[in-house]
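Q: Here it is: the structure, laid out below.
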Amino acid sequence: MLTGTILTARDAAHKRMHEILRDGKRIPFELANTLIFYCGPSPVSTGKSCGAIGPTTSARMDFYMEELIANGLRMTMGKGNRSLKVEEMIRNSGSVYLVTVGGAAAYLSKRVVSCETFLWQDMGAEAIYKLEVLDFPAYIAIF
Amino acid sequence: MSVRTLFSKEIIPLIVQEIGKITCQLDTDVENSLQRMREVEKSELSRDVLDILVENASLARTEKIPLCQDTGTLVVFASMGKDLYLADLTLQEILDEAMQIAQQEYYLRASMVKDPIYQRKNTLNNCPVILHLEMIPGDRLTLCIAQKGGGAENMSRLQMFSPSADENEIINFVVETVKRAGSKACPPLIIGIGIGGNFETCALLAKRAIFDPLTKENEHPNYAELEKRILSAVNDTGIGVQGMGGEGTALAVKIRTSPCHLASLPVAVNLQCHAHRHTEITF
């Protein structure tokens with residue numbers, strides 16, 4: 001069960017982070033001590049703290065892992081297995097990869113206390129959101 | 001011979017309601033299957049996951065929260081009577097308008113991007129709706145409306161087999177497709193298979209098959225038997241619910257067939273995740 005602050009980032013945000021690093025610039029937040037959750041929330045409805053929340057397929061972000069681990073990332077969470085190469089990178093760097101339940105978005109939304117846009121609002125559902133979670137179910141898949 | 005006229009304002013509100021309904025209401029056969037699986041599942045881990053999925057279905061229905069954050073692309077199979085006249089808008093325009101209204105009303109995610117390779121710019125209104133339209137006798141309009149997420153869709157495949165291929169090759173193709181998907185497609189799966197047709201219609205058969213009633217057996221005994229054999233082979237992979245292991249990899253296999261070229265045997269496998277959201281309405 002996870003309790004604390006996590007940041008969402010998926011395809012578009014990873015591509016932008018990659019472009020920033022490729023151009024020799026700095027990502028505008030600290031990757032170390034951050035858990036990146038591969039998720040694109042659905043919009044918030046009135047009276048609720050967040051929309052429906054759930055993991056997307058992690059393997060699509062495998063391409064960006066080497067660079068992000070080199071820049072401090074140690075914790076990720078999503079759905080599905082990762083490539084053998086990424087699995088090795090995660091183990092060798094002392095990182096951890098968690099999985100949570102796909103298609104259980106109503107259930108997971110109840111374990112999110114707050115959800116706010118953190119960065120890159122122009123990406124819509126693919127923006128980086130900051131989630132405060134309480135007793136969010138997660139399983140350790142690779143460590 | 002009289003023609004029946006339909007105005008968009010008569011049907012758009014009803015389509016909006018249907019979209020709202022399927023967002024939060026899981027297919028009844030799937031919900032029942034998840035509950036049954038929960039009762040017989042031996043692995044504690046898989047039981048935990050099934051508990052979550054069963055509770056999710058209940059929460060979604062009672063509190064009107066989407067079953068999955070990926071409220072999907074809207075896919076519509078429309079059968080329109082030849083004696084029906086749409087007075088003001090095309091069917092595509094009607095569906096796109098309904099989609100935009102539903103998106104606001106039911107807090108659906110905008111999940112469509114245009115310029116697929118370069119900009120991948122979000123269309124912000126979850127449009128366009130993907131419409132497959134056929135003309136039939138009569139003056140009715142029937143819409144099979146579904147929300148199709150990206151996860152399972154991404155793991156779907158099509159292959160042009162040689163007519164000499166036997167059913168074991170086809171069974172292996174389906175099993176390999178499911179193994180390759182692993183937990184990415186969110187098992188337990190519903191597997192739609194198209195056999196025959198042309199390159200493009202084979203894929204359509206596979207997608208349409210997914211929305212056939214799960215408990216209804218295939219009319220053709222050979223294909224009914226093939227469905228059972230494929231289901232058994234897929235569940236023997238042991239991938240299980242959310243890839244946690246066990247026998248719950250797939251709930252159903254549905255096959256649709258069509259005549260094909262004498263030199264061809266196209267086979268398409270369209271995977272549907274357990275968040276099975278669809279409905280049918282007739283005007």
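Residue names in the structure tokens use chain letters A, B, ... in the order shown, residue numbers from 1 in each chain, and ligand numbers from 1 in the order shown.
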Per residue of chain B within 6 Å of chain A, which atom pair is closest and at what distance in Å (one decimal), using only C-alpha atoms, listed by chain and increasing number, as a tab-separated table?

A:
residue	atom	partner	partner_atom	distance
B:Leu53	CA	A:Ala104	CA	5.7
B:Asn56	CA	A:Tyr107	CA	4.9
B:Ala60	CA	A:Ala106	CA	5.5
B:Ile65	CA	A:Ala106	CA	5.4
B:Pro66	CA	A:Ala52	CA	5.9
B:Leu67	CA	A:Ala105	CA	5.5
B:Cys68	CA	A:Gly103	CA	4.6
B:Gln69	CA	A:Ala52	CA	4.6
B:Tyr107	CA	A:Pro43	CA	5.2
B:Leu108	CA	A:Ser42	CA	5.9
B:Arg109	CA	A:Ser42	CA	4.6
B:Ser183	CA	A:Gly80	CA	4.8
B:Lys184	CA	A:Gly80	CA	4.7
B:Ala275	CA	A:Gly103	CA	5.8

Q: Take the residues that were just selected and, keeping C-alpha atoms, output them as a compact mmCIF listing (two decimals), in the first residue's frame.

A:
# COMPACT_ATOMS: atom_id res chain seq x y z
CA LEU B 53 -12.01 -5.60 -9.93
CA ASN B 56 -14.44 -1.48 -8.90
CA ALA B 60 -18.28 2.63 -10.78
CA ILE B 65 -17.01 6.95 -11.78
CA PRO B 66 -15.49 5.55 -15.00
CA LEU B 67 -14.55 1.87 -14.80
CA CYS B 68 -11.22 2.73 -16.40
CA GLN B 69 -9.41 6.06 -16.71
CA TYR B 107 -15.92 13.63 -17.48
CA LEU B 108 -14.50 11.39 -20.16
CA ARG B 109 -10.85 11.56 -21.10
CA SER B 183 -0.48 -8.35 -18.66
CA LYS B 184 -0.36 -5.30 -20.96
CA ALA B 275 -13.24 -3.32 -18.88

Q: Env of Ala263 in chain B: 12 Å cut, atoms = only C-alpha atoms, seq-sep filter 5 positions within chain, self excluded. Answer as a count of residues only.

A: 9

Q: What are the DSSP helix (DSSP H, G or I) residues of range 60-132 of chain A, as JSON, numbers by chain?

A: {"A": [60, 61, 62, 63, 64, 65, 66, 67, 68, 69, 70, 84, 85, 86, 87, 88, 89, 90, 91, 92, 105, 106, 107, 108, 109, 121, 122, 123, 124, 125, 126]}

Q: Using only C-alpha atoms, determine which residues lie at most 8 Å from Ile191 in chain B, disregarding the query and same-chain residues fewer than 4 positions distant; provide the list as a list of chain:residue names.

A: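 The residues satisfying every condition are B:Ile210, B:Ala250, B:Ala252, B:Val253, B:Lys254, B:Val269, B:Asn270, B:Leu271, B:Gln272.
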
Q: In Å, how far is it from CA of Leu68 in chain A to CA of Lys121 in chain B?

A: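 Going from CA of Leu68 in chain A over to CA of Lys121 in chain B covers 24.1 Å.
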
Q: So which residues of range 46-276 of chain B fall under strand (DSSP E or B) by DSSP, listed as a VMD selection string?

A: chain B and resid 73 to 81 84 to 86 113 to 114 121 to 122 130 to 136 141 to 148 157 to 161 189 to 196 240 245 250 to 258 265 to 272

Q: So that I can check the surroundings of Leu86 in chain B, please list as a list in words every protein, DNA and RNA residue that reaches within 8 Å of it, counting only C-alpha atoms and ignoring chain neighbours fewer than 4 positions away.

A: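 Near Leu86 in chain B, the qualifying residues are Thr5, Leu6, Phe7, Ser8, Thr90 and Leu91 of chain B.
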
Q: Neighbouring residues of Ile90 in chain A were defined as those with any atom within 10 Å, considering only C-alpha atoms; residues of the same chain fewer than 3 positions away were excluded. Please report them as a list of chain:residue names.

A: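 Non-adjacent residues within range: A:Met65, A:Glu66, A:Ile69, A:Leu73, A:Arg74, A:Met75, A:Thr76, A:Arg82, A:Leu84, A:Lys85, A:Val86, A:Glu87, A:Ser93, A:Gly94, A:Ser95, A:Val96, A:Tyr97, A:Ile142, A:Phe143.
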
Q: Which polymer residues have any atom within 10 Å of an atom of Met244 in chain B, counting only C-alpha atoms, with same-chain residues fewer than 4 positions away left out, as a PyMOL selection string?

A: chain B and resi 43-47+49+182-183+187+238-240+248-249

Q: So, counting only C-alpha atoms, which residue among A:Ala70, A:Ala127, A:Ser49, A:Ile36 is closest to Ala13 in chain A?

A: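 That would be A:Ala127, the residue with the smallest distance to Ala13 in chain A.
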